[in-house]
Amino acid sequence: MGLILAAVGFGVITASILALAGVGFTLQFGVTNVLNLAFGSTMTAAAFVAYVVSQSAPLVVAVAAGGAFGAVFSVLVNRFVFMPFIHRGTRLFGMIIVTLSMGLVVQYSLQAIFGASFFSLPDIGGPTFHLGSFAITGPQVGILGLGLVAMACVHVLLRYTTLGKAMRATATNSDLARSCGIATDRVIDVAWAISGCLCGLAGVALALDVTAFTDTTGGDFLIPIIAVAVLGGVGQPYGAMLGALVVGVASEVAAAVISPDYKDAVAFVILILVLLVRPQGILAEVSGAKEVAS
Amino acid sequence: MTAEVAAAPCACAGAVLGIHGVARSFGGVEAVKGASFRVERGRITGLIGPNGAGKSTLLNLVAGALLPTRGTIHFEGRDITHLPDYRRARLGLIRTFQTSSEFGRLTVMENLLVAAPRLRGERLREALLGRGYWGGAEAQAVDRARNLLGEFDMAEKEDEYAGNLSGGQKRLLEIMRGLMAEPTVLLLDEPMAGVNPTLARRIEAYLLQLRDRGLTMLMVEHELGVVERICHPVVVMTLGRVLREGAMAEIRRDPEVLDAYLIG
Amino acid sequence: MSGAWQFYISTLLIYLGVDVMACWGLNLQFGYAGLVNFSFIIFQAAGAYTAAVLTLGRPTPADFQTYVGGAHWPFPLPFLAAAVAGALLAAGVGAIGLRRLRADYEAMVMLVVSLIATSVVTNATGLVNGANGLDLVPPPLLGVVHLGPLAYQWFYVGLTAALCLLVYLVVHRITGSPLGRSLRAMRENEPAAAALGRNVTQLRLAAFVVGGAIAGLSGAVLVQFLSAWSPGAWLYPETFVYFTAVIVGGSGNNLGAAVGALLVPVAFLEAVRFLPPFGPPGLIDAIQWIVIGLLAMVFLWFWPRGIVPERRRRFPRRIPSRSAADGPAR
């Protein structure tokens, strides 16, 4: 029983990383309709940026640098690679290949620069908290806090700001949003900046959590991210938050109860179940209503 | 609505297509709320109504692109409510699309051949037997397609990629492809949307010719002038329900219909 | 030609044969049917493992590798079984993954299938020896043909070529038939194909299963030549190499796919292995992948139809008339 409780605790921490990544991933899709398979590699790149910065600056600065890098890099890639391809009329199949190519280019550029070895962000140490049988380290508290703060910010942004409303409008129907006077190009830039920032933070958080990371760390994390996005309904940030909690806790509990080797298998099983039962994701009612409008 | 639903399930006798209390909701919003009407053989039945009345959704329900949440659809006396779209097409219930749906990187001829029903070489086993097995049947289909192209004055476009056709030519291809599928009933979703008046007149004339040869059609159309000229009877939908059925001349004078259009 | 050169050339030819077969399989799925199968490589892997296990014999307790099953099937059977394994796996994955999803969801699901397959095979060490993979797979017909190493290389080139021809006949018959036309129609507009009576679920599954069988066969040819096979040989980016090949060569054209197989996996990845190494270990590898990724993007930008684009199909007129000058059939 204690084991399971501890697993749930770790699950919540994994869920924080997944929520950062999953909300970022799903926002990119929702606002621009691009399923960005370079997402995992961008996370890794942000972790490497944080690593380089952490050599000469405190970890907090490194984390911020990772987030900032994710934002800037995502905006640039979208503006100068993905959008030009879309405007040129590249079809859906083509775009998937473009994003995956981009992911490979980023991942192997990192390998070419840093080499295929393991890297660690400095251990901030800090106190270890005990909650019954469950011990939580300083970095883990940090990850949890980062996740909660970021999700609160996303919530405020989407619910209470004009920008957030413009983003939701663009996600629902970009042509309509444009005809309502919303500058969709700017909204798309901002959406990529925000989702890219979440992506960068997720990359740094993941690097902190796994203690040693390589050029493939982010890419390997793509399965649970996709599971989170699909479970939440692709393009649905709140769904992704809920999905992150489910996938995070379920995979850690499975790891504790069955075997750590099968952590990813849980994400896979969830993905398969969603595809079999409800391909639209659990919060698909909203997008179903869109069908009527169109 | 209650009176409509109460109609006997086999009220379709005589009618080729019977729609009974069909409803469809999307995430709690009911776009079609129990529509019932019949399509008589050899006529062009018009389906009109203000924007958002549920006409296109209803057409999708009849074609099987969407499945109804309740109600039944009968086609030639057979309950097809739960049949998937491709099975309905194979029975002879063929639809066209409102927006051009050509196979862009197939030639016009290939677009037509895809529609040819029961063509040899469509199955994996038959395909592996080679041209000797299916070549003859295909040549016949090619001849049929050429006749159709001739009728529609599109013969010289045979080898053109469908994606390179003009908007109007794409509309014609859409109709030809439907005819190539040997329909019993052709469901037309705004066949003249976005074409110039001259071509619209031509399409109108083609549709009348087809009707005179005995083809049954159900047509969603915005342009009431066209509807008045070629559709009889006309079904008026509003807010997901059937409001009126009858001749266009009567419907034009109906105050409720006018209200629906003005408020709609 | 010296022996070393002959080894080099024959090895490249065998790789070429494997890659051409795989590209034809993928082209059927992607170029014709429009299926973005990012798990293509697992079907090659399934064929490779099947052929390996069916030639290695039963594992003994003293063996350095553990695996399920094991038999000494004679020559053509392991190849056949590999194709069947690829087809069966494709049928299973297809039944779940090809549910009329949007192309990008489908690609995502297939990518995940590939990642998971790697994870399962690596972690379930009893299945096919986990991360270390299988080794010492005996080459086919070695005891029958009695050839020296070099002659055997050329013998294997011939075997590969024969299998390529077989695959070509199958693929060519499908792509040139009404079935192939329906596959392309589905690629262009799935709802319209369904509305004209085409059973798109069945069409997708057909392309998926035939492609899977071809991938399985290519895996068998590869493993019987390499004599070893492990998860490192079929990571998901390998699928991407085949995608790049098909795009560069020309998707929707079998000649194009073969040209792509020659240019991308063979010239680019295999030939470089014989170059003198430079830089730290892994650098050449990384640069290759970067170039492959850029190559895919450059082609999608400048030549999205590839070097040998899809052909326009014309139909002959039976009674020669004003346009008797029309091109030949097909």
# chains A, B, ... in the order shown; residues from 1 in each chain; ligands from 1

call {"tool": "interface_residues", "arguments": {"of": "chain B", "to": "chain C", "cutoff": "9 Å", "atoms": "only C-alpha atoms", "output": "MDAnalysis selection string"}}
result
chainID B and resid 63:65 85:97 101:107 109:111 113:117 119:124 126:131 134:135 138:139 142:143 158:161 177:178 181

call {"tool": "residues_around", "arguments": {"residues": "Pro197 in chain B", "least_positions_apart": "5", "cutoff": "12 Å", "atoms": "only C-alpha atoms", "output": "PDB file with C-alpha atoms, in the first residue's frame"}}
result
ATOM      1  CA  GLY B 168     -16.972  24.842 -63.281  1.00  0.00           C
ATOM      2  CA  MET B 192     -24.282  24.836 -59.016  1.00  0.00           C
ATOM      3  CA  ARG B 202     -26.075  24.088 -68.637  1.00  0.00           C
ATOM      4  CA  ILE B 203     -26.042  22.040 -65.454  1.00  0.00           C
ATOM      5  CA  GLU B 204     -29.726  22.766 -65.027  1.00  0.00           C
ATOM      6  CA  GLU B 223     -30.838  29.401 -55.508  1.00  0.00           C
ATOM      7  CA  VAL B 226     -33.349  27.039 -59.979  1.00  0.00           C
TER       8      VAL B 226
END

call {"tool": "interface_residues", "arguments": {"of": "chain C", "to": "chain A", "cutoff": "9 Å", "atoms": "only C-alpha atoms", "output": "PyMOL selection string"}}
result
chain C and resi 30+34-36+96-97+99+101-105+107-109+111-113+115-116+119-120+123-124+237+240+243-244+280-297+300-301+304

call {"tool": "write_last_selection", "arguments": {"atoms": "N, CA and C atoms", "output": "compact mmCIF listing (two decimals), in the first residue's frame"}}
result
# COMPACT_ATOMS: atom_id res chain seq x y z
N PHE C 30 2.54 4.44 -48.90
CA PHE C 30 2.59 5.90 -48.81
C PHE C 30 2.32 6.56 -50.17
N GLY C 34 -1.41 6.57 -49.67
CA GLY C 34 -1.39 7.75 -48.80
C GLY C 34 -1.36 7.43 -47.32
N LEU C 35 -0.86 6.23 -46.96
CA LEU C 35 -0.77 5.87 -45.54
C LEU C 35 0.59 6.30 -45.03
N VAL C 36 0.59 7.11 -43.97
CA VAL C 36 1.87 7.56 -43.43
C VAL C 36 2.29 6.57 -42.35
N ILE C 96 -6.03 -1.92 -35.70
CA ILE C 96 -6.18 -0.93 -34.63
C ILE C 96 -5.83 0.47 -35.12
N GLY C 97 -4.75 0.57 -35.88
CA GLY C 97 -4.22 1.90 -36.20
C GLY C 97 -4.87 2.59 -37.39
N ARG C 99 -7.95 3.45 -38.41
CA ARG C 99 -9.39 3.62 -38.20
C ARG C 99 -9.92 4.93 -38.78
N LEU C 101 -8.51 7.63 -39.34
CA LEU C 101 -8.03 8.80 -38.62
C LEU C 101 -7.49 9.79 -39.64
N ARG C 102 -7.32 11.03 -39.21
CA ARG C 102 -6.65 11.99 -40.07
C ARG C 102 -5.21 11.53 -40.25
N ALA C 103 -4.63 11.85 -41.41
CA ALA C 103 -3.30 11.33 -41.74
C ALA C 103 -2.29 11.62 -40.64
N ASP C 104 -2.37 12.79 -40.01
CA ASP C 104 -1.35 13.10 -39.02
C ASP C 104 -1.55 12.34 -37.71
N TYR C 105 -2.80 12.07 -37.33
CA TYR C 105 -3.03 11.24 -36.15
C TYR C 105 -2.47 9.84 -36.41
N ALA C 107 -0.15 8.93 -38.49
CA ALA C 107 1.31 8.93 -38.47
C ALA C 107 1.81 8.88 -37.03
N MET C 108 1.15 9.64 -36.18
CA MET C 108 1.55 9.71 -34.78
C MET C 108 1.37 8.34 -34.12
N VAL C 109 0.24 7.71 -34.39
CA VAL C 109 -0.02 6.40 -33.80
C VAL C 109 1.03 5.40 -34.29
N LEU C 111 4.05 6.02 -35.33
CA LEU C 111 5.33 6.33 -34.71
C LEU C 111 5.39 5.72 -33.32
N VAL C 112 4.30 5.85 -32.59
CA VAL C 112 4.26 5.30 -31.24
C VAL C 112 4.37 3.77 -31.30
N VAL C 113 3.69 3.15 -32.26
CA VAL C 113 3.77 1.70 -32.40
C VAL C 113 5.23 1.28 -32.59
N LEU C 115 7.99 2.92 -31.63
CA LEU C 115 8.74 3.13 -30.40
C LEU C 115 8.44 2.03 -29.39
N ILE C 116 7.15 1.67 -29.31
CA ILE C 116 6.75 0.65 -28.34
C ILE C 116 7.30 -0.71 -28.74
N SER C 119 10.71 -0.91 -27.59
CA SER C 119 10.77 -1.03 -26.14
C SER C 119 10.41 -2.44 -25.68
N VAL C 120 9.38 -3.02 -26.27
CA VAL C 120 8.96 -4.37 -25.87
C VAL C 120 10.03 -5.40 -26.23
N ASN C 123 13.05 -5.01 -23.91
CA ASN C 123 12.84 -5.36 -22.50
C ASN C 123 12.46 -6.82 -22.28
N ALA C 124 11.70 -7.39 -23.22
CA ALA C 124 11.31 -8.80 -23.06
C ALA C 124 12.46 -9.66 -23.58
N PRO C 237 14.00 5.99 -36.73
CA PRO C 237 14.52 6.82 -37.83
C PRO C 237 14.83 6.02 -39.10
N PHE C 240 12.32 6.47 -41.48
CA PHE C 240 12.41 7.78 -42.08
C PHE C 240 13.35 7.78 -43.29
N PHE C 243 11.29 6.68 -46.08
CA PHE C 243 10.39 7.76 -46.51
C PHE C 243 11.15 8.77 -47.37
N THR C 244 12.32 9.15 -46.89
CA THR C 244 13.12 10.11 -47.66
C THR C 244 13.42 9.54 -49.04
N PRO C 280 35.15 12.60 -33.83
CA PRO C 280 34.89 11.66 -32.74
C PRO C 280 33.87 10.60 -33.17
N PRO C 281 33.85 9.46 -32.49
CA PRO C 281 32.91 8.42 -32.86
C PRO C 281 31.47 8.94 -32.82
N GLY C 282 30.68 8.55 -33.79
CA GLY C 282 29.29 8.98 -33.81
C GLY C 282 29.06 10.23 -34.62
N LEU C 283 30.13 10.97 -34.95
CA LEU C 283 29.95 12.24 -35.65
C LEU C 283 29.45 12.01 -37.08
N ILE C 284 30.09 11.06 -37.78
CA ILE C 284 29.68 10.78 -39.17
C ILE C 284 28.23 10.35 -39.19
N ASP C 285 27.90 9.48 -38.25
CA ASP C 285 26.54 8.98 -38.12
C ASP C 285 25.56 10.15 -37.96
N ALA C 286 25.89 11.05 -37.04
CA ALA C 286 25.01 12.18 -36.77
C ALA C 286 24.87 13.05 -38.01
N ILE C 287 25.98 13.28 -38.69
CA ILE C 287 25.93 14.14 -39.88
C ILE C 287 25.06 13.49 -40.95
N GLN C 288 25.19 12.16 -41.09
CA GLN C 288 24.35 11.46 -42.06
C GLN C 288 22.88 11.71 -41.79
N TRP C 289 22.50 11.59 -40.53
CA TRP C 289 21.08 11.79 -40.19
C TRP C 289 20.65 13.21 -40.46
N ILE C 290 21.51 14.16 -40.14
CA ILE C 290 21.16 15.57 -40.39
C ILE C 290 20.93 15.76 -41.88
N VAL C 291 21.84 15.19 -42.69
CA VAL C 291 21.72 15.35 -44.14
C VAL C 291 20.43 14.70 -44.66
N ILE C 292 20.11 13.52 -44.12
CA ILE C 292 18.87 12.84 -44.55
C ILE C 292 17.65 13.70 -44.23
N GLY C 293 17.63 14.26 -43.02
CA GLY C 293 16.51 15.12 -42.63
C GLY C 293 16.41 16.33 -43.55
N LEU C 294 17.55 16.96 -43.83
CA LEU C 294 17.55 18.14 -44.70
C LEU C 294 17.13 17.76 -46.12
N LEU C 295 17.61 16.59 -46.55
CA LEU C 295 17.28 16.12 -47.90
C LEU C 295 15.77 15.99 -48.07
N ALA C 296 15.11 15.41 -47.07
CA ALA C 296 13.65 15.26 -47.15
C ALA C 296 12.99 16.63 -47.26
N MET C 297 13.45 17.58 -46.45
CA MET C 297 12.82 18.90 -46.48
C MET C 297 13.11 19.61 -47.80
N LEU C 300 10.90 18.13 -50.46
CA LEU C 300 9.50 18.53 -50.31
C LEU C 300 9.30 19.98 -50.70
N TRP C 301 10.35 20.78 -50.59
CA TRP C 301 10.24 22.19 -50.95
C TRP C 301 10.37 22.38 -52.46
N PRO C 304 8.63 18.30 -54.78
CA PRO C 304 7.80 17.42 -53.94
C PRO C 304 7.35 16.15 -54.65

call {"tool": "select_by_dssp", "arguments": {"residues": "range 136-199 of chain B", "states": "alpha helix (DSSP H)", "output": "NGL selection string"}}
result
:B and (136-151 or 167-180 or 197-199)

call {"tool": "atom_distance", "arguments": {"atom1": "CA of Lys157 in chain B", "atom2": "CA of Gly132 in chain B"}}
result
27.7 Å

call {"tool": "interface_residues", "arguments": {"of": "chain B", "to": "chain A", "cutoff": "7 Å", "atoms": "only C-alpha atoms", "output": "ChimeraX atom specification"}}
result
/B:26-27,29,31

call {"tool": "write_last_selection", "arguments": {"atoms": "N, CA and C atoms", "output": "PDB file, in the first residue's frame"}}
result
ATOM      1  N   PHE B  26     -24.726  16.651 -32.434  1.00  0.00           N
ATOM      2  CA  PHE B  26     -23.276  16.758 -32.283  1.00  0.00           C
ATOM      3  C   PHE B  26     -23.009  17.297 -30.889  1.00  0.00           C
ATOM      4  N   GLY B  27     -22.498  16.435 -30.023  1.00  0.00           N
ATOM      5  CA  GLY B  27     -22.151  16.894 -28.683  1.00  0.00           C
ATOM      6  C   GLY B  27     -23.265  17.703 -28.033  1.00  0.00           C
ATOM      7  N   VAL B  29     -25.820  19.224 -29.323  1.00  0.00           N
ATOM      8  CA  VAL B  29     -26.572  20.130 -30.201  1.00  0.00           C
ATOM      9  C   VAL B  29     -27.227  19.290 -31.296  1.00  0.00           C
ATOM     10  N   ALA B  31     -28.599  18.951 -34.733  1.00  0.00           N
ATOM     11  CA  ALA B  31     -28.593  19.677 -36.011  1.00  0.00           C
ATOM     12  C   ALA B  31     -29.789  19.281 -36.854  1.00  0.00           C
TER      13      ALA B  31
END

call {"tool": "residues_around", "arguments": {"residues": "Phe118 in chain A", "least_positions_apart": "3", "cutoff": "10 Å", "atoms": "only C-alpha atoms", "output": "short mmCIF file (atom, residue, chain, number, x, y, z; two decimals) with N, CA, C and O atoms, in the first residue's frame"}}
result
data_model
loop_
_atom_site.label_atom_id
_atom_site.label_comp_id
_atom_site.auth_asym_id
_atom_site.auth_seq_id
_atom_site.Cartn_x
_atom_site.Cartn_y
_atom_site.Cartn_z
N PHE A 114 27.45 17.81 -29.07
CA PHE A 114 27.78 17.41 -27.70
C PHE A 114 28.31 15.98 -27.61
O PHE A 114 28.83 15.58 -26.58
N GLY A 115 28.13 15.18 -28.66
CA GLY A 115 28.53 13.78 -28.57
C GLY A 115 27.44 12.96 -27.92
O GLY A 115 26.55 13.49 -27.25
N THR A 211 17.94 12.83 -14.09
CA THR A 211 19.31 13.03 -13.60
C THR A 211 20.40 12.94 -14.68
O THR A 211 21.34 13.69 -14.66
N ALA A 212 20.29 12.00 -15.63
CA ALA A 212 21.28 11.97 -16.72
C ALA A 212 20.53 11.92 -18.03
O ALA A 212 19.71 11.04 -18.23
N PHE A 213 20.84 12.87 -18.92
CA PHE A 213 20.11 12.90 -20.19
C PHE A 213 21.05 12.84 -21.38
O PHE A 213 22.24 13.13 -21.26
N THR A 214 20.50 12.44 -22.52
CA THR A 214 21.28 12.37 -23.76
C THR A 214 20.51 13.07 -24.87
O THR A 214 19.45 13.63 -24.62
N ASP A 215 21.05 12.99 -26.08
CA ASP A 215 20.38 13.65 -27.20
C ASP A 215 19.05 12.99 -27.56
O ASP A 215 18.29 13.54 -28.33
N THR A 217 16.81 11.90 -25.13
CA THR A 217 15.89 11.92 -23.98
C THR A 217 14.51 12.47 -24.34
O THR A 217 13.49 11.86 -24.03
#

call {"tool": "residues_around", "arguments": {"residues": "Tyr242 in chain C", "least_positions_apart": "3", "cutoff": "10 Å", "atoms": "only C-alpha atoms", "output": "PyMOL selection string"}}
result
chain C and resi 19-20+22-27+38+40-41+237-239+245-248+257+260-261+264-265

call {"tool": "residues_around", "arguments": {"residues": "Ser195 in chain A", "least_positions_apart": "6", "cutoff": "7 Å", "atoms": "only C-alpha atoms", "output": "mmCIF file with C-alpha atoms, in the first residue's frame"}}
result
data_model
loop_
_atom_site.group_PDB
_atom_site.id
_atom_site.type_symbol
_atom_site.label_atom_id
_atom_site.label_comp_id
_atom_site.auth_asym_id
_atom_site.auth_seq_id
_atom_site.Cartn_x
_atom_site.Cartn_y
_atom_site.Cartn_z
ATOM 1 C CA GLY A 24 2.508 22.734 -25.224
ATOM 2 C CA PHE A 25 2.145 19.977 -27.802
ATOM 3 C CA LEU A 27 -1.629 24.013 -28.129
ATOM 4 C CA GLN A 28 0.629 23.945 -31.158
#

call {"tool": "atom_distance", "arguments": {"atom1": "CA of Val266 in chain A", "atom2": "CA of Glu252 in chain A"}}
result
9.0 Å

call {"tool": "residues_around", "arguments": {"residues": "Ala233 in chain C", "least_positions_apart": "5", "cutoff": "12 Å", "atoms": "only C-alpha atoms", "output": "list in words"}}
result
Ile41, Ile42, Gln44, Ala45, Ala46, Ala48, Tyr49, Thr118, Thr122, Ala131, Asn132, Gly133, Leu134, Gly219, Leu222, Val223, Leu226, Ala228, Glu238 and Thr239 of chain C

call {"tool": "write_last_selection", "arguments": {"atoms": "N, CA, C and O atoms", "output": "JSON list (two decimals), in the first residue's frame"}}
result
[["chain", "number", "residue", "atom", "x", "y", "z"],
["C", 41, "ILE", "N", 9.36, 0.11, -40.42],
["C", 41, "ILE", "CA", 10.56, -0.68, -40.13],
["C", 41, "ILE", "C", 10.25, -1.88, -39.23],
["C", 41, "ILE", "O", 10.94, -2.90, -39.30],
["C", 42, "ILE", "N", 9.20, -1.80, -38.41],
["C", 42, "ILE", "CA", 8.93, -2.94, -37.52],
["C", 42, "ILE", "C", 8.47, -4.15, -38.32],
["C", 42, "ILE", "O", 8.60, -5.29, -37.87],
["C", 44, "GLN", "N", 9.72, -4.93, -41.30],
["C", 44, "GLN", "CA", 10.99, -5.50, -41.74],
["C", 44, "GLN", "C", 11.62, -6.28, -40.58],
["C", 44, "GLN", "O", 12.10, -7.40, -40.77],
["C", 45, "ALA", "N", 11.57, -5.69, -39.40],
["C", 45, "ALA", "CA", 12.14, -6.34, -38.23],
["C", 45, "ALA", "C", 11.44, -7.67, -37.95],
["C", 45, "ALA", "O", 12.09, -8.68, -37.67],
["C", 46, "ALA", "N", 10.12, -7.66, -38.05],
["C", 46, "ALA", "CA", 9.36, -8.89, -37.78],
["C", 46, "ALA", "C", 9.79, -9.99, -38.73],
["C", 46, "ALA", "O", 9.98, -11.15, -38.33],
["C", 48, "ALA", "N", 12.68, -10.21, -40.27],
["C", 48, "ALA", "CA", 14.06, -10.58, -39.96],
["C", 48, "ALA", "C", 14.11, -11.53, -38.76],
["C", 48, "ALA", "O", 14.78, -12.58, -38.80],
["C", 49, "TYR", "N", 13.39, -11.19, -37.71],
["C", 49, "TYR", "CA", 13.39, -12.07, -36.53],
["C", 49, "TYR", "C", 12.80, -13.44, -36.88],
["C", 49, "TYR", "O", 13.31, -14.47, -36.44],
["C", 118, "THR", "N", 10.03, -1.36, -30.25],
["C", 118, "THR", "CA", 11.43, -1.37, -29.84],
["C", 118, "THR", "C", 11.54, -1.62, -28.34],
["C", 118, "THR", "O", 12.34, -2.44, -27.89],
["C", 122, "THR", "N", 13.17, -4.97, -26.72],
["C", 122, "THR", "CA", 14.38, -4.77, -25.93],
["C", 122, "THR", "C", 14.20, -5.27, -24.50],
["C", 122, "THR", "O", 15.09, -5.92, -23.94],
["C", 131, "ALA", "N", 18.11, -6.55, -26.10],
["C", 131, "ALA", "CA", 18.92, -5.53, -26.77],
["C", 131, "ALA", "C", 20.09, -6.15, -27.55],
["C", 131, "ALA", "O", 20.55, -5.57, -28.53],
["C", 132, "ASN", "N", 20.59, -7.31, -27.11],
["C", 132, "ASN", "CA", 21.73, -7.91, -27.80],
["C", 132, "ASN", "C", 21.33, -8.50, -29.14],
["C", 132, "ASN", "O", 22.17, -8.65, -30.03],
["C", 133, "GLY", "N", 20.09, -8.88, -29.25],
["C", 133, "GLY", "CA", 19.60, -9.40, -30.52],
["C", 133, "GLY", "C", 20.10, -10.79, -30.80],
["C", 133, "GLY", "O", 20.74, -11.44, -29.96],
["C", 134, "LEU", "N", 19.81, -11.25, -32.00],
["C", 134, "LEU", "CA", 20.17, -12.60, -32.41],
["C", 134, "LEU", "C", 21.42, -12.54, -33.26],
["C", 134, "LEU", "O", 21.64, -11.61, -34.02],
["C", 219, "GLY", "N", 13.28, -7.96, -44.75],
["C", 219, "GLY", "CA", 13.97, -8.21, -43.48],
["C", 219, "GLY", "C", 14.66, -9.57, -43.50],
["C", 219, "GLY", "O", 15.79, -9.72, -43.01],
["C", 222, "LEU", "N", 17.76, -9.44, -45.55],
["C", 222, "LEU", "CA", 18.80, -8.70, -44.82],
["C", 222, "LEU", "C", 19.43, -9.55, -43.72],
["C", 222, "LEU", "O", 20.65, -9.64, -43.61],
["C", 223, "VAL", "N", 18.61, -10.21, -42.91],
["C", 223, "VAL", "CA", 19.15, -10.93, -41.76],
["C", 223, "VAL", "C", 19.91, -12.18, -42.21],
["C", 223, "VAL", "O", 20.92, -12.55, -41.61],
["C", 226, "LEU", "N", 23.25, -10.59, -43.18],
["C", 226, "LEU", "CA", 24.02, -10.01, -42.08],
["C", 226, "LEU", "C", 24.35, -11.04, -41.01],
["C", 226, "LEU", "O", 25.32, -10.90, -40.29],
["C", 228, "ALA", "N", 23.01, -11.30, -38.28],
["C", 228, "ALA", "CA", 22.71, -10.79, -36.94],
["C", 228, "ALA", "C", 21.61, -9.74, -37.03],
["C", 228, "ALA", "O", 21.46, -9.10, -38.07],
["C", 238, "GLU", "N", 15.01, 4.70, -38.97],
["C", 238, "GLU", "CA", 15.27, 3.89, -40.17],
["C", 238, "GLU", "C", 14.07, 3.97, -41.13],
["C", 238, "GLU", "O", 14.24, 3.98, -42.34],
["C", 239, "THR", "N", 12.87, 4.01, -40.54],
["C", 239, "THR", "CA", 11.67, 4.18, -41.39],
["C", 239, "THR", "C", 11.79, 5.48, -42.16],
["C", 239, "THR", "O", 11.43, 5.57, -43.33]]
